[in-house]
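The structure appears right after this line, and notes come after that.
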Amino acid sequence: MLYQIRHVTRFAYAEPVGFARNNLRLKPIHWSGQTLEDHALIIEPQGRVYPTRAEAGLANVVRLVVEQPARTLTIESRARVRVDRPIPIFADTDPSVAEIAERARASRDASPAGPAAYLFPSPRIPLDRDIAEWCAAELDPRRGVLEAALALALRIQREFAFDPTATLVDTSPVEAFRQRGGVCQDFAQIMISGLRAAGLPAAYVSGYIRTLPPPGQPRLVGADATHAWVLVWAGPQLGWVGVDPTNGIWMAGDHIVVAIGRDYADVAPIDGIVLGWGAQEMHVSVDVEPLELAPV
Amino acid sequence: MVSPINAALGGSILASRAATTLFDAATIAHRWIVDYCAHVAESDVLCVQGGDPAWTALFEELAALSGEGLANARERAQRHAEDIGTGFRIVDEGEERPWPLSPVPLLIEKAEWDGIAGGIVQRADLLEAVLQDLYGEGQLVSDGHVPAALVTGSPYFLRPLARLEPPGGHHLQFVAADLCRGPSGEWRVLADHLRAPAGAGYALENRLAMARTLGELPGRLNVERHAPFFAAFREGLAAACRRAEPRIALLTPGRLNPSYAEQAHLARYLGFLLVEGADLAVLDDKLYVRTIAGLKRVDALWHRLDPRLLDPLALDSHSTIGVPGVIDAMVAGNVVIANAPGVGLLESPAFAAFLPRLAEVLTGAPLTLPNIATWWCGQETERAHVTANLDSLLVAPAFGVAPLGLPEGKPVLGAALDPEQRAALLDDMTRRSQDYVGQEVVRLSTMPAIAEDALAPRPFTLRVFAARGEDGRWTVLPGGFARIGEHPDPRAAVMGEGMWSADVCIYGPEPVAPVSLLPSGDTTQLRRNPGTLPSRVADNLFWLGRYLERGEALLQLLRVLLGHSISADTGAALAADTVARLIRLVVASGAAPEPKGVKRADLTQLARTALEGEEDWSSVRAINRQARLIGAVSRERLSADMIRLLDAPFPQRGVLLDKAGSLQRRYSALNGLASEHMTRTDAWRFHDIGRRIERALSAIRFIRNFGGPDATSDDLSTLLDLMDSQISYRQRYLTGMARIPVLDLVTLDPNNPRALVFQVAAISAHLNKLPLLSDDGLAEAQQEQARGIAALLVTTNAQRLDDALLADLETRLGRLSSAVARRYFLQGAEPLRAAGLVLA
């Protein structure tokens, strides 16, 4: 499937601000099952865009500097991405949860693509005893890792309420877990916290899912906005496998990966600072349009 | 109990002290040592060396100082420490000094110390080599010498810095380590401090206090000095910079940081600029400090921040104390950051398990200064060892982050766990064994400390420091500071942070050459300009001036009010109208609420609130507090005498008038120090501008209230009192109170230092001497405004001085203050965080 994506972020400030400096992580990365065919950034007012020297994870980061004072800042990212990703199928031969934990501990790969980087609590995803216990029910050490991961995602989707009013971007997974509700970020963070507590490497993915469903299928939750889900490491053969606890499904043909990190802080589509006073407002719109049907 | 020696010598000690002190001291010292050694374990530093002449000399000095009374010696050392500490202790933040000073320093003989120092140098080189690899090629990980999880498990591993070489080529410039001495006298490493090692300032301070307490000892024992070490550090940092005469700054998290005072002290001692994140800016990959003369390059930062907060753009976007873009500037090679961000990953207790092998792999030699034995449970064999020997080991978080099985996040003696904790720990270790280490239970040897009135053995640890010098090689501070445990229990784990600190003296047979951080005369280029004045410092000094002057004006009001109204029956009372005006001024200043009436009790209540009211009112007490807080963050610019006056407690004794009098004397003393003792630098100019603006504003308010067309002679006399011009007036005019002459004297007379015009002229003069941003010869806004005010005063006379003109002047002065702030101070724009996400 070929997707055309339009992701617009508009900041409005009560007073003119100067000297905006931002990190933009908007250009989708290369990742198995997807190819970036085209990408463009349109920024108003125009600023200087250059690659950053220091970066944390699997993300295409550029630095944006806007020096002239402005009341609004609009950042539009346009991407054309071809996605062809099979649905994982679990088998009896899959490595067990305990085996994966053991292999990850012994890993000789400290790179951002290796499992060791995602084995530990991270700034926004602490380990929590309650989350750990709740998730452990699906993560028996002897269970196959794929089966266990999907079971956990399904349980989260089943038992947690989707409620955009329940949480904010900064809400901790511990708080969201207590409320048994939230949005994609909360579900992804809770799941990651649970997987890591069981010793499994788990990463946070920021990306998009298609806005309009194919005929006859339900519309997926998380369209019209940036979406977040989970990658779990399933050993050197299977590699990283994506699971979407918001929808209770595998990451497959409807998911477009933009960036991968330990948590939201590594992959935030836009962060940074501006110099100014007073209130700021932000409006985001995301449109993911299929340009052609996937080959059958 | 009276000792036989003292009883025998009787009163002769007092009678001829000089003749008997030496003999007496030697006797007392001998007995102290004998008594002490009779009761301590063999491993004690004093007794293991059996009759070491150095320790004997130390106790002789102590005995000569305090006679029998050891508690007395302790008190004296403490007093010296506090005295030194006043120069850089924080007010209003509770007890800043973490550990009281013990008067008994730790003595280490030079030969033994050389072994320790050599071990520290080897270790620092090894840590640097490990960092070079982990942030570089990553060979140690891919070859299996370091598990990847050991790197990624540390919260201080900063991936953004991977594959980036720090400017100057080194990750480490200044390191510290905690050492312990075991029962057989062997030294080992308990912990490394790499991120932002603290405590060198305490070592300096302890040495100063020790030298004051035991003045003769350093010379007697040839104690090695600290200054060469700090000089080497400064030169090493300068050598890593690109520019030949680099500007180096110490970046502090700010006044609320518990070791702010230490940082201010070190900055002053090393000649570094003390800055906060908001003082700095990055433009085109270069780092600048905002000063009153515009942006000035900064070439190196010695930072004391959590490194994750250094740069909100490259690292934690939540940081409000960092400098956006500073990592880019570092990567571009334009600023050296000491230590480089990311080095903290080697502080993980888990790393201690790997260092012995890494020493062999990277240097081919074993560690001469070993770690305490450590097992990282992320490996199967090690975990099995730890679980099998749980009762005889300490279990600790592997990375300094609390794991689920150790919710307190602190090391625990396996034997001390209750069954439930033990089960929870072992359970979590089956899933996340990588979060745990086992450590041997370290037993510490003891050193003498003073408990009650006798020497008592106490366990201790030693913090040592090393810095990279100009040639890139390490210099070790001879000494450091010792931390002494509160209880005799010698297990390191239960000692905690310690109870006292002590100086550490390295002594030897050779006399030590005197060295000081001051460079020798013929190599120093003379300067009369003190260099960079950061905008924040200028801002603080300006406001210090304004607050002090505001306090003085309020005091003057209260004294006039109290002096003339309370003694109503003596005949000196002011007319009711005049009293009402005084009350109006006090109330308008926000110092106290409107009184219920004008009876004596009401006025006393008003004055009491305005003088010593808490929180809600801008009383003299509140103004004092503000001035003190500013003083606390301007220590490196103020004299010790000024700081002492600012820190002096609020007067407790006497009636209101006494308190007001005592405070007024204090304010006068501060004023005198500022005008007579501060060098005429730009820093002083800002202080004086602050004072003059405030004084001018008070003058206008007084004149508007007491100098109007309907002013009575009581009003005019009060005005002269408030403006401290009563005597000048009486000398000039024999006619009694007349409005125009009074107005002329307090407003327009250029020879009256309290007159309005005098303040305005002084402000203009200062503004003309301060740096300008452009060299086009045109006046800047603040200069124009000051000239405008001066022109108004020049072109008027006392007859024409009406309320409208005064009101105009008041507004203009307010604007002038803002213009000065806009031009010279950090203000206005605050960083706002951008976050671009709506989640579904």
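Following the order of the structure tokens, chains are lettered A, B, ..., residues in each are numbered from 1, and ligands are numbered from 1.
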Residue neighbourhood Ser96 in chain A, 7 Å, only C-alpha atoms, exclusion window fewer than 4 positions, as a JSON list (two decimals) with N, CA and C atoms, in the first residue's frame:
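As a result, selection-v8.json now contains:
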```json
[["chain", "number", "residue", "atom", "x", "y", "z"],
["A", 100, "ILE", "N", 14.32, -14.92, 25.65],
["A", 100, "ILE", "CA", 14.56, -13.58, 25.10],
["A", 100, "ILE", "C", 15.24, -12.69, 26.15],
["A", 141, "PRO", "N", 7.27, -16.86, 31.85],
["A", 141, "PRO", "CA", 8.61, -17.03, 31.30],
["A", 141, "PRO", "C", 8.69, -18.13, 30.24],
["A", 142, "ARG", "N", 7.81, -19.14, 30.32],
["A", 142, "ARG", "CA", 7.90, -20.26, 29.36],
["A", 142, "ARG", "C", 7.10, -20.02, 28.09],
["A", 143, "ARG", "N", 6.27, -18.98, 28.10],
["A", 143, "ARG", "CA", 5.38, -18.73, 26.96],
["A", 143, "ARG", "C", 6.17, -18.19, 25.77],
["A", 144, "GLY", "N", 5.73, -18.52, 24.57],
["A", 144, "GLY", "CA", 6.36, -17.98, 23.37],
["A", 144, "GLY", "C", 6.25, -16.46, 23.36],
["A", 145, "VAL", "N", 7.29, -15.78, 22.91],
["A", 145, "VAL", "CA", 7.31, -14.33, 23.09],
["A", 145, "VAL", "C", 6.26, -13.63, 22.23]]
```
Legend entry - range 720-728 of chain B surroundings by only C-alpha atoms, 9 Å radius, close-in-sequence under 4 positions cut, as a list in words: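 The residues satisfying every condition are Ala553, Gln556, Leu557, Val560, Ala699, Phe702, Asp715, Leu716, Arg732, Tyr733, Val742, Leu745, Val746, Asn752, Arg754 and Ala755 of chain B.
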Inset, instruction - With a distance cut-off of 8 Å and only C-alpha atoms, select the neighbouring residues of Val288 in chain A, excluding the residue or stretch itself and same-chain residues fewer than 3 positions from it, and output the selection as a list in words. - result: Tyr3, Gln4, Ile5, Arg6, Tyr208, Ile209, Arg210, Thr211, Leu212, Ala223 and Asp224 of chain A
Inset, instruction - Give me the residues within 9 Å of range 327-333 of chain B as an MDAnalysis selection string, counting only C-alpha atoms and dropping any in the same chain fewer than 2 places off. - result: (chainID A and resid 52:54) or (chainID B and resid 161 164:168 241:242 282:287 310:311 313:315 323:325 335:337 341)
Inset, instruction - Can you pull out every residue within 9 Å of Ile87 in chain A, counting only C-alpha atoms, but drop anything in the same chain fewer than 4 positions away, and send it as a count of residues only? - result: 4
Which polymer residues have any atom within 12 Å of an atom of Ser698 in chain B, counting only C-alpha atoms, with same-chain residues fewer than 6 positions away left out, as a PDB file with N, CA and C atoms, in the first residue's frame?
```
ATOM      1  N   ARG B 546      18.899  48.870  45.483  1.00  0.00           N
ATOM      2  CA  ARG B 546      17.534  49.382  45.641  1.00  0.00           C
ATOM      3  C   ARG B 546      16.914  48.919  46.951  1.00  0.00           C
ATOM      4  N   TYR B 547      17.082  47.636  47.293  1.00  0.00           N
ATOM      5  CA  TYR B 547      16.479  47.148  48.534  1.00  0.00           C
ATOM      6  C   TYR B 547      17.083  47.833  49.755  1.00  0.00           C
ATOM      7  N   GLU B 549      18.425  50.719  50.002  1.00  0.00           N
ATOM      8  CA  GLU B 549      17.987  52.103  50.080  1.00  0.00           C
ATOM      9  C   GLU B 549      16.507  52.166  50.486  1.00  0.00           C
ATOM     10  N   ARG B 550      15.733  51.218  49.993  1.00  0.00           N
ATOM     11  CA  ARG B 550      14.316  51.169  50.345  1.00  0.00           C
ATOM     12  C   ARG B 550      14.154  50.918  51.837  1.00  0.00           C
ATOM     13  N   GLY B 551      14.959  50.000  52.348  1.00  0.00           N
ATOM     14  CA  GLY B 551      14.906  49.710  53.781  1.00  0.00           C
ATOM     15  C   GLY B 551      15.274  50.942  54.596  1.00  0.00           C
ATOM     16  N   GLU B 552      16.286  51.642  54.126  1.00  0.00           N
ATOM     17  CA  GLU B 552      16.737  52.820  54.858  1.00  0.00           C
ATOM     18  C   GLU B 552      15.634  53.885  54.881  1.00  0.00           C
ATOM     19  N   ALA B 553      14.976  54.070  53.748  1.00  0.00           N
ATOM     20  CA  ALA B 553      13.919  55.083  53.674  1.00  0.00           C
ATOM     21  C   ALA B 553      12.760  54.723  54.604  1.00  0.00           C
ATOM     22  N   LEU B 554      12.407  53.451  54.625  1.00  0.00           N
ATOM     23  CA  LEU B 554      11.297  53.023  55.477  1.00  0.00           C
ATOM     24  C   LEU B 554      11.673  53.204  56.952  1.00  0.00           C
ATOM     25  N   LEU B 555      12.899  52.871  57.282  1.00  0.00           N
ATOM     26  CA  LEU B 555      13.355  53.055  58.655  1.00  0.00           C
ATOM     27  C   LEU B 555      13.290  54.514  59.061  1.00  0.00           C
ATOM     28  N   GLN B 556      13.691  55.354  58.143  1.00  0.00           N
ATOM     29  CA  GLN B 556      13.686  56.781  58.431  1.00  0.00           C
ATOM     30  C   GLN B 556      12.253  57.242  58.730  1.00  0.00           C
ATOM     31  N   LEU B 557      11.313  56.767  57.916  1.00  0.00           N
ATOM     32  CA  LEU B 557       9.901  57.091  58.149  1.00  0.00           C
ATOM     33  C   LEU B 557       9.461  56.628  59.532  1.00  0.00           C
ATOM     34  N   LEU B 585       2.261  57.371  53.960  1.00  0.00           N
ATOM     35  CA  LEU B 585       3.460  56.925  53.239  1.00  0.00           C
ATOM     36  C   LEU B 585       3.836  55.481  53.606  1.00  0.00           C
ATOM     37  N   VAL B 586       3.741  55.185  54.910  1.00  0.00           N
ATOM     38  CA  VAL B 586       4.073  53.820  55.346  1.00  0.00           C
ATOM     39  C   VAL B 586       3.102  52.834  54.701  1.00  0.00           C
ATOM     40  N   ALA B 588       1.264  53.274  52.014  1.00  0.00           N
ATOM     41  CA  ALA B 588       1.415  53.229  50.553  1.00  0.00           C
ATOM     42  C   ALA B 588       2.621  52.387  50.140  1.00  0.00           C
ATOM     43  N   SER B 589       3.623  52.291  50.995  1.00  0.00           N
ATOM     44  CA  SER B 589       4.796  51.497  50.634  1.00  0.00           C
ATOM     45  C   SER B 589       4.522  50.002  50.764  1.00  0.00           C
ATOM     46  N   ARG B 691      20.908  52.161  44.185  1.00  0.00           N
ATOM     47  CA  ARG B 691      20.720  53.013  45.363  1.00  0.00           C
ATOM     48  C   ARG B 691      20.164  54.385  44.972  1.00  0.00           C
ATOM     49  N   ARG B 692      20.773  54.978  43.933  1.00  0.00           N
ATOM     50  CA  ARG B 692      20.388  56.348  43.563  1.00  0.00           C
ATOM     51  C   ARG B 692      18.969  56.403  43.030  1.00  0.00           C
ATOM     52  N   ARG B 704       6.569  65.229  47.670  1.00  0.00           N
ATOM     53  CA  ARG B 704       5.166  65.397  47.277  1.00  0.00           C
ATOM     54  C   ARG B 704       4.245  65.392  48.492  1.00  0.00           C
ATOM     55  N   ASN B 705       4.613  64.653  49.538  1.00  0.00           N
ATOM     56  CA  ASN B 705       3.744  64.586  50.701  1.00  0.00           C
ATOM     57  C   ASN B 705       3.936  65.731  51.682  1.00  0.00           C
ATOM     58  N   LEU B 719       9.994  66.790  56.510  1.00  0.00           N
ATOM     59  CA  LEU B 719      10.642  66.552  55.220  1.00  0.00           C
ATOM     60  C   LEU B 719      12.160  66.624  55.374  1.00  0.00           C
ATOM     61  N   LEU B 722      13.319  63.501  57.119  1.00  0.00           N
ATOM     62  CA  LEU B 722      13.290  62.324  56.249  1.00  0.00           C
ATOM     63  C   LEU B 722      14.440  62.356  55.245  1.00  0.00           C
ATOM     64  N   MET B 723      14.802  63.571  54.844  1.00  0.00           N
ATOM     65  CA  MET B 723      15.855  63.684  53.832  1.00  0.00           C
ATOM     66  C   MET B 723      17.210  63.975  54.469  1.00  0.00           C
ATOM     67  N   VAL B 746      16.286  70.260  49.270  1.00  0.00           N
ATOM     68  CA  VAL B 746      16.133  68.805  49.129  1.00  0.00           C
ATOM     69  C   VAL B 746      15.929  68.382  47.674  1.00  0.00           C
ATOM     70  N   THR B 747      15.659  69.325  46.801  1.00  0.00           N
ATOM     71  CA  THR B 747      15.409  68.935  45.419  1.00  0.00           C
ATOM     72  C   THR B 747      16.531  69.362  44.482  1.00  0.00           C
ATOM     73  N   ARG B 754      21.819  64.431  49.565  1.00  0.00           N
ATOM     74  CA  ARG B 754      20.513  63.789  49.665  1.00  0.00           C
ATOM     75  C   ARG B 754      19.522  64.378  48.652  1.00  0.00           C
ATOM     76  N   ALA B 755      19.914  65.457  47.975  1.00  0.00           N
ATOM     77  CA  ALA B 755      18.963  66.127  47.094  1.00  0.00           C
ATOM     78  C   ALA B 755      18.676  65.284  45.843  1.00  0.00           C
ATOM     79  N   LEU B 756      17.482  65.479  45.315  1.00  0.00           N
ATOM     80  CA  LEU B 756      17.057  64.749  44.135  1.00  0.00           C
ATOM     81  C   LEU B 756      18.047  64.945  42.979  1.00  0.00           C
ATOM     82  N   GLN B 759      21.181  62.812  43.014  1.00  0.00           N
ATOM     83  CA  GLN B 759      21.019  61.396  42.614  1.00  0.00           C
ATOM     84  C   GLN B 759      21.010  61.280  41.094  1.00  0.00           C
ATOM     85  N   LEU B 806       6.693  66.950  39.730  1.00  0.00           N
ATOM     86  CA  LEU B 806       7.220  65.858  40.559  1.00  0.00           C
ATOM     87  C   LEU B 806       6.664  64.509  40.114  1.00  0.00           C
ATOM     88  N   LEU B 809       8.468  63.452  37.099  1.00  0.00           N
ATOM     89  CA  LEU B 809       9.801  62.949  37.436  1.00  0.00           C
ATOM     90  C   LEU B 809       9.733  61.524  37.978  1.00  0.00           C
ATOM     91  N   GLU B 810       8.726  61.282  38.812  1.00  0.00           N
ATOM     92  CA  GLU B 810       8.585  59.942  39.398  1.00  0.00           C
ATOM     93  C   GLU B 810       8.364  58.910  38.296  1.00  0.00           C
ATOM     94  N   LEU B 813      11.566  58.335  36.340  1.00  0.00           N
ATOM     95  CA  LEU B 813      12.566  57.530  37.047  1.00  0.00           C
ATOM     96  C   LEU B 813      12.224  56.043  36.970  1.00  0.00           C
ATOM     97  N   GLY B 814      10.920  55.755  37.089  1.00  0.00           N
ATOM     98  CA  GLY B 814      10.485  54.372  36.937  1.00  0.00           C
ATOM     99  C   GLY B 814      10.865  53.832  35.568  1.00  0.00           C
TER     100      GLY B 814
END
```
Inset, instruction - Within range 117-224 of chain A, find each residue whose DSSP state, derived from the backbone, is helix (DSSP H, G or I), and express the selection as a ChimeraX atom specification. - result: /A:117-118,129-136,145-159,173-179,184-197
Restricted to N, CA and C atoms, what would the selected residues look like written as a tab-separated table (two decimals), in the first residue's frame?
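So the final result, stored in selection-v1.tsv, reads:
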```
chain	number	residue	atom	x	y	z
A	117	ALA	N	19.33	-1.57	24.40
A	117	ALA	CA	18.94	-0.18	24.60
A	117	ALA	C	17.52	-0.04	25.14
A	118	TYR	N	16.73	-1.10	25.04
A	118	TYR	CA	15.30	-0.99	25.39
A	118	TYR	C	14.92	-1.92	26.54
A	129	ARG	N	5.52	-1.72	40.15
A	129	ARG	CA	5.16	-3.04	40.66
A	129	ARG	C	3.75	-3.46	40.21
A	130	ASP	N	2.80	-2.53	40.27
A	130	ASP	CA	1.43	-2.89	39.89
A	130	ASP	C	1.33	-3.23	38.41
A	131	ILE	N	1.94	-2.40	37.58
A	131	ILE	CA	1.90	-2.69	36.15
A	131	ILE	C	2.59	-4.03	35.88
A	132	ALA	N	3.75	-4.22	36.54
A	132	ALA	CA	4.51	-5.44	36.33
A	132	ALA	C	3.67	-6.67	36.67
A	133	GLU	N	2.98	-6.62	37.80
A	133	GLU	CA	2.18	-7.79	38.21
A	133	GLU	C	1.02	-8.03	37.26
A	134	TRP	N	0.37	-6.96	36.87
A	134	TRP	CA	-0.80	-7.07	35.99
A	134	TRP	C	-0.38	-7.68	34.65
A	135	CYS	N	0.75	-7.21	34.12
A	135	CYS	CA	1.21	-7.70	32.82
A	135	CYS	C	1.79	-9.11	32.91
A	136	ALA	N	2.36	-9.42	34.09
A	136	ALA	CA	3.03	-10.72	34.24
A	136	ALA	C	2.08	-11.88	33.98
A	145	VAL	N	7.29	-15.78	22.91
A	145	VAL	CA	7.31	-14.33	23.09
A	145	VAL	C	6.26	-13.63	22.23
A	146	LEU	N	6.02	-14.11	21.02
A	146	LEU	CA	5.02	-13.46	20.16
A	146	LEU	C	3.62	-13.65	20.71
A	147	GLU	N	3.34	-14.87	21.11
A	147	GLU	CA	2.03	-15.17	21.67
A	147	GLU	C	1.78	-14.30	22.91
A	148	ALA	N	2.81	-14.21	23.74
A	148	ALA	CA	2.67	-13.44	24.98
A	148	ALA	C	2.44	-11.96	24.68
A	149	ALA	N	3.19	-11.42	23.70
A	149	ALA	CA	3.07	-9.99	23.40
A	149	ALA	C	1.68	-9.66	22.88
A	150	LEU	N	1.16	-10.47	21.97
A	150	LEU	CA	-0.16	-10.18	21.42
A	150	LEU	C	-1.24	-10.33	22.51
A	151	ALA	N	-1.06	-11.34	23.35
A	151	ALA	CA	-2.03	-11.54	24.43
A	151	ALA	C	-2.07	-10.32	25.35
A	152	LEU	N	-0.91	-9.78	25.63
A	152	LEU	CA	-0.87	-8.60	26.50
A	152	LEU	C	-1.53	-7.40	25.83
A	153	ALA	N	-1.25	-7.22	24.52
A	153	ALA	CA	-1.86	-6.10	23.79
A	153	ALA	C	-3.38	-6.24	23.78
A	154	LEU	N	-3.86	-7.44	23.58
A	154	LEU	CA	-5.31	-7.67	23.55
A	154	LEU	C	-5.93	-7.40	24.92
A	155	ARG	N	-5.20	-7.80	25.94
A	155	ARG	CA	-5.75	-7.58	27.28
A	155	ARG	C	-5.84	-6.09	27.58
A	156	ILE	N	-4.83	-5.34	27.16
A	156	ILE	CA	-4.88	-3.89	27.38
A	156	ILE	C	-6.05	-3.28	26.61
A	157	GLN	N	-6.19	-3.70	25.35
A	157	GLN	CA	-7.28	-3.13	24.54
A	157	GLN	C	-8.64	-3.46	25.16
A	158	ARG	N	-8.74	-4.66	25.72
A	158	ARG	CA	-10.01	-5.12	26.30
A	158	ARG	C	-10.32	-4.38	27.59
A	159	GLU	N	-9.35	-4.22	28.45
A	159	GLU	CA	-9.64	-3.78	29.81
A	159	GLU	C	-9.43	-2.29	30.06
A	173	PRO	N	2.69	6.51	32.93
A	173	PRO	CA	1.98	5.24	32.75
A	173	PRO	C	1.39	4.73	34.06
A	174	VAL	N	2.04	5.07	35.18
A	174	VAL	CA	1.53	4.60	36.47
A	174	VAL	C	0.15	5.20	36.73
A	175	GLU	N	0.01	6.49	36.41
A	175	GLU	CA	-1.26	7.18	36.60
A	175	GLU	C	-2.31	6.64	35.62
A	176	ALA	N	-1.93	6.47	34.36
A	176	ALA	CA	-2.88	5.96	33.37
A	176	ALA	C	-3.33	4.55	33.73
A	177	PHE	N	-2.40	3.77	34.27
A	177	PHE	CA	-2.74	2.40	34.66
A	177	PHE	C	-3.78	2.42	35.77
A	178	ARG	N	-3.59	3.31	36.73
A	178	ARG	CA	-4.52	3.41	37.85
A	178	ARG	C	-5.92	3.77	37.35
A	179	GLN	N	-5.95	4.64	36.33
A	179	GLN	CA	-7.26	5.06	35.80
A	179	GLN	C	-7.87	4.04	34.85
A	184	CYS	N	-3.43	6.24	22.98
A	184	CYS	CA	-2.42	5.32	22.48
A	184	CYS	C	-1.11	5.39	23.26
A	185	GLN	N	-0.68	6.64	23.61
A	185	GLN	CA	0.59	6.75	24.31
A	185	GLN	C	0.55	6.05	25.67
A	186	ASP	N	-0.55	6.20	26.36
A	186	ASP	CA	-0.67	5.56	27.67
A	186	ASP	C	-0.64	4.05	27.54
A	187	PHE	N	-1.37	3.52	26.56
A	187	PHE	CA	-1.41	2.06	26.40
A	187	PHE	C	-0.03	1.53	26.02
A	188	ALA	N	0.65	2.27	25.11
A	188	ALA	CA	1.98	1.84	24.69
A	188	ALA	C	2.94	1.88	25.88
A	189	GLN	N	2.85	2.93	26.68
A	189	GLN	CA	3.78	3.04	27.81
A	189	GLN	C	3.53	1.98	28.86
A	190	ILE	N	2.24	1.70	29.11
A	190	ILE	CA	1.93	0.66	30.10
A	190	ILE	C	2.45	-0.69	29.61
A	191	MET	N	2.23	-0.96	28.34
A	191	MET	CA	2.67	-2.24	27.79
A	191	MET	C	4.20	-2.35	27.84
A	192	ILE	N	4.88	-1.25	27.48
A	192	ILE	CA	6.35	-1.28	27.50
A	192	ILE	C	6.86	-1.49	28.92
A	193	SER	N	6.24	-0.80	29.87
A	193	SER	CA	6.66	-0.96	31.26
A	193	SER	C	6.51	-2.41	31.70
A	194	GLY	N	5.38	-3.02	31.31
A	194	GLY	CA	5.13	-4.42	31.68
A	194	GLY	C	6.10	-5.37	31.01
A	195	LEU	N	6.38	-5.14	29.72
A	195	LEU	CA	7.31	-6.01	29.00
A	195	LEU	C	8.71	-5.92	29.60
A	196	ARG	N	9.13	-4.69	29.88
A	196	ARG	CA	10.48	-4.51	30.43
A	196	ARG	C	10.58	-5.14	31.82
A	197	ALA	N	9.50	-5.00	32.61
A	197	ALA	CA	9.53	-5.59	33.95
A	197	ALA	C	9.73	-7.10	33.87
```
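Among A:Val205, A:Leu119, A:Leu220, A:Ile260, the residue with the shortest atom-to-atom distance to Pro155 in chain B, counting only C-alpha atoms, is A:Leu119.
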Legend entry - Closest of A:Asp254, A:Glu102, A:Glu44, A:Asp94 to chain B - atom-to-atom distances counting only C-alpha atoms: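 Of A:Asp254, A:Glu102, A:Glu44, A:Asp94, the one nearest chain B is A:Glu102, counting only C-alpha atoms.
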Inset, instruction - Give the answer as one residue: which of A:Gly239, A:Pro88, A:Gly248, A:Pro123 has the shortest atom-to-atom distance to chain B, using only C-alpha atoms? - result: A:Pro123
